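Heads up: the structure comes next, in structure tokens.
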Number of protein chains: 2
Amino acid sequence: MKSTIPDTGVPIAPPAGNGGDRQEASLHGEILLRLRDHVVEGNIPDGARVPERQLCEMLGISRTPLREALKVLAAEGLIELLPNRGARVRQLSQRDLEELFDVMAGLESLAGRLACEAITDEEITGIEHLHYEMYGHYLHRDMHGYFQTNQRIHESIVAAARNEALKTAYANFAGRIRRVRYSANFARKRQRWAEAMREHEAILDALRRRAGSELSDVLFQHLRNKRTAAIEHLTEPQEDAPASP
Amino acid sequence: MKSTIPDTGVPIAPPAGNGGDRQEASLHGEILLRLRDHVVEGNIPDGARVPERQLCEMLGISRTPLREALKVLAAEGLIELLPNRGARVRQLSQRDLEELFDVMAGLESLAGRLACEAITDEEITGIEHLHYEMYGHYLHRDMHGYFQTNQRIHESIVAAARNEALKTAYANFAGRIRRVRYSANFARKRQRWAEAMREHEAILDALRRRAGSELSDVLFQHLRNKRTAAIEHLTEPQEDAPASP
DNA sequence: GGAAACTATTTTGCATTCATTTTTTGTCCT
DNA sequence: AGGACAAAAAATGAATGCAAAATAGTTTCC
């Protein structure tokens with residue numbers, strides 16, 4: 001084969017008519033956002049080589065702004081840049097994933113601790129509502145809804161921490177393990193689900209009491225358990241995964 | 001004034017004969033390391049504009065690799081890139097500092113928790129030795145030695161966490177507040193010193209018992225107190241600062 | 001027939017060049 | 001003299017060009 005990217009036909013986030021709320025004046029910024037999404041959403045196979053020329057054609061730009069974006073993505077850990085050998089989508093080993101999950105756990109743990117210092121009753125009520133919504137998804141076995149609401153809960157906690165630097169770092173790490181996180185939740189182990197729901201109850205409880213240190217512990221454990229589930233799911237994905245085409 | 005960088009004569013980290021153990025094949029990588037150090041070490045005034053041309057001359061390269069490095073530094077939060085207006089050293093507001101200190105606190109807190117899972121007796125002994133060394137500096141009022149040993153202790157804890165992703169993130173945030181951290185320690189409030197020493201004793205104690213959750217709390221509080229001291233020092237730096245030349 | 005070696009093509013890294021935008025300088029008018 | 005407008009100078013953003021390295025392809029030799 002000559003090209004190493006199997007052309008999926010995906011145009012790398014079409015101009016989008018600026019449907020999203022984001023706007024970027026400079027070209028390299030625009031490219032950065034598009035490429036990041038493209039990588040995070042898994043449109044490029046793991047470890048696949050990505051010739052600059054091809055990306056340039058796909059994006060309709062020259063190599064200069066593209067290369068700048070690639071450098072940034074490499075710094076973010078999404079891709080890796082081998083000297084004189086181009087960019088590859090970063091392949092995450094099991095160890096890498098464990099580490100990243102742990103850092104996420106630490107960040108959320110921190111978020112919880114900080115949130116307890118500043119969160120309003122209204123915000124807690126909002127999270128409670130999300131919790132009940134998620135419980136509904138749980139009862140209906142709605143994986144997708146459950147996953148999304150779960151994300152929103154965790155994001156709400158991070159938002160309540162009132163710390164932009166934390167939010168940015170959190171978003172960064174979340175992006176790096178996004179694919180795995182999602183697929184991990186598909187491990188429809190009934191037991192883990194029930195466990196996760198109980199943990200979420202404990203999270204809410206600690207949050208209501210503004211028990212920062214305790215919430216920190218509970219959140220860390222929750223994420224640790226999620227990590228274990230995710231890793232298990234990855235090492236033996238065949239047991240209940242749909243037959244791969 | 002025509003040039004916005006007051007020429008300090010600092011050649012932006014001379015080739016160094018590769019004195020350090022690091023080596024970077026590519027030019028942009030080399031530039032990135034040099035520029036990062038140059039910024040982190042405070043050789044460029046806060047908020048000063050940094051004309052690309054001037055940096056190119058200083059570094060003896062063309063603009064292309066320089067701009068790539070600048071993009072990465074901007075992503076790291078060390079500088080900010082204003083569209084069509086060049087790069088500026090990122091000015092940190094008090095709020096920014098508070099946030100960054102809190103994230104550092106969270107990361108170290110996480111490091112402590114993880115360290116308890118994997119640290120060896122030998123590593124603990126090593127940290128104990130550093131602790132005694134630091135105590136010596138404390139008794140001799142040796143600020144510089146105290147600061148350095150203190151850094152090494154915290155770095156040892158992070159290293160004991162056995163998590164490269166955490167280590168990288170920690171280094172990143174540490175770089176962003178390096179200047180302030182250092183100057184903050186110069187707040188030679190005798191009382192805070194004594195307090196910090198006591199906190200370090202508690203850290204060691206929890207570490208010896210591998211009490212992860214407890215160590216997490218103690219470390220967070222320790223860093224929180226350091227944050228308070230640093231912010232105080234910045235808002236009223238005149239009280240015991242040496243007369244500025 | 002297979003492996004090593006040599007050549008050709010592609011790809012990366014960096015410098016240079018071109019087009020805009022911004023900033024500065026100079027001049028004119030009130 | 002001071003401010004406003006205009007032109008010049010400089011700086012940024014992106015494209016192109018060129019040398020070096022890597023990959024692919026072909027040939028040669030055992």
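Each chain of the structure tokens is named A, B, ... in the order shown, its residues numbered from 1; ligands are numbered from 1 in display order.
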
Spatial neighbours of DA21 of chain D, 10 Å, only C-alpha atoms (C1' of nucleotides), chain gap at least 3 places, as a list in words: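 Close residues of DA21 of chain D: Pro83, Asn84 and Arg85 of chain A; DT11, DT12 and DG13 of chain C.
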
All residues 10 Å or closer to segment 4-10 of chain C, only C-alpha atoms (C1' of nucleotides), same chain fewer than 5 positions away omitted, as number ranges by chain: D: 22-30

Exercise answer, chain B residues close to chain A, 6 Å and only C-alpha atoms, as a list in words: Glu68, Val72, Glu99, Gly106, Leu110 and Asn163 of chain B

Export of prior selection with C-alpha atoms as a short mmCIF file (atom, residue, chain, number, x, y, z; two decimals), in the first residue's frame:
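And here is the file that came out, selection-v1.cif:
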data_model
loop_
_atom_site.label_atom_id
_atom_site.label_comp_id
_atom_site.auth_asym_id
_atom_site.auth_seq_id
_atom_site.Cartn_x
_atom_site.Cartn_y
_atom_site.Cartn_z
CA GLU B 68 6.75 26.01 16.10
CA VAL B 72 4.10 24.74 21.93
CA GLU B 99 -5.29 28.30 40.52
CA GLY B 106 -3.70 18.38 43.63
CA LEU B 110 -2.11 12.52 43.97
CA ASN B 163 3.61 7.75 36.82
#

Between atom CA of Val89 of chain B and atom C1' of DA14 of chain D - distance in Å to one decimal: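 Separation between atom C1' of DA14 of chain D and atom CA of Val89 of chain B: 23.7 Å.
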
Segment 4-227 of chain B: residues DSSP assigns to strand (DSSP E or B), reported as a list in words: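 Restricting segment 4-227 of chain B to strand (DSSP E or B) produces Arg49, Val50, Ile79, Glu80, Leu81, Leu82, Gly86, Ala87, Arg88 and Val89 of chain B.
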
Mind dumping the selected residues with C-alpha atoms as an mmCIF file, in the first residue's frame?
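Everything below was put into again-v4.cif:
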data_model
loop_
_atom_site.group_PDB
_atom_site.id
_atom_site.type_symbol
_atom_site.label_atom_id
_atom_site.label_comp_id
_atom_site.auth_asym_id
_atom_site.auth_seq_id
_atom_site.Cartn_x
_atom_site.Cartn_y
_atom_site.Cartn_z
ATOM 1 C CA ARG B 49 6.661 41.662 23.714
ATOM 2 C CA VAL B 50 9.021 39.258 22.013
ATOM 3 C CA ILE B 79 3.477 32.521 26.844
ATOM 4 C CA GLU B 80 0.412 33.818 25.108
ATOM 5 C CA LEU B 81 -0.010 34.373 21.413
ATOM 6 C CA LEU B 82 -2.052 37.370 20.400
ATOM 7 C CA GLY B 86 3.140 38.302 18.467
ATOM 8 C CA ALA B 87 4.053 36.476 21.621
ATOM 9 C CA ARG B 88 4.126 37.809 25.116
ATOM 10 C CA VAL B 89 5.408 36.239 28.277
#

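On all C-alpha atoms, the superposed RMSD for chain A relative to chain B stands at 0.2 Å.
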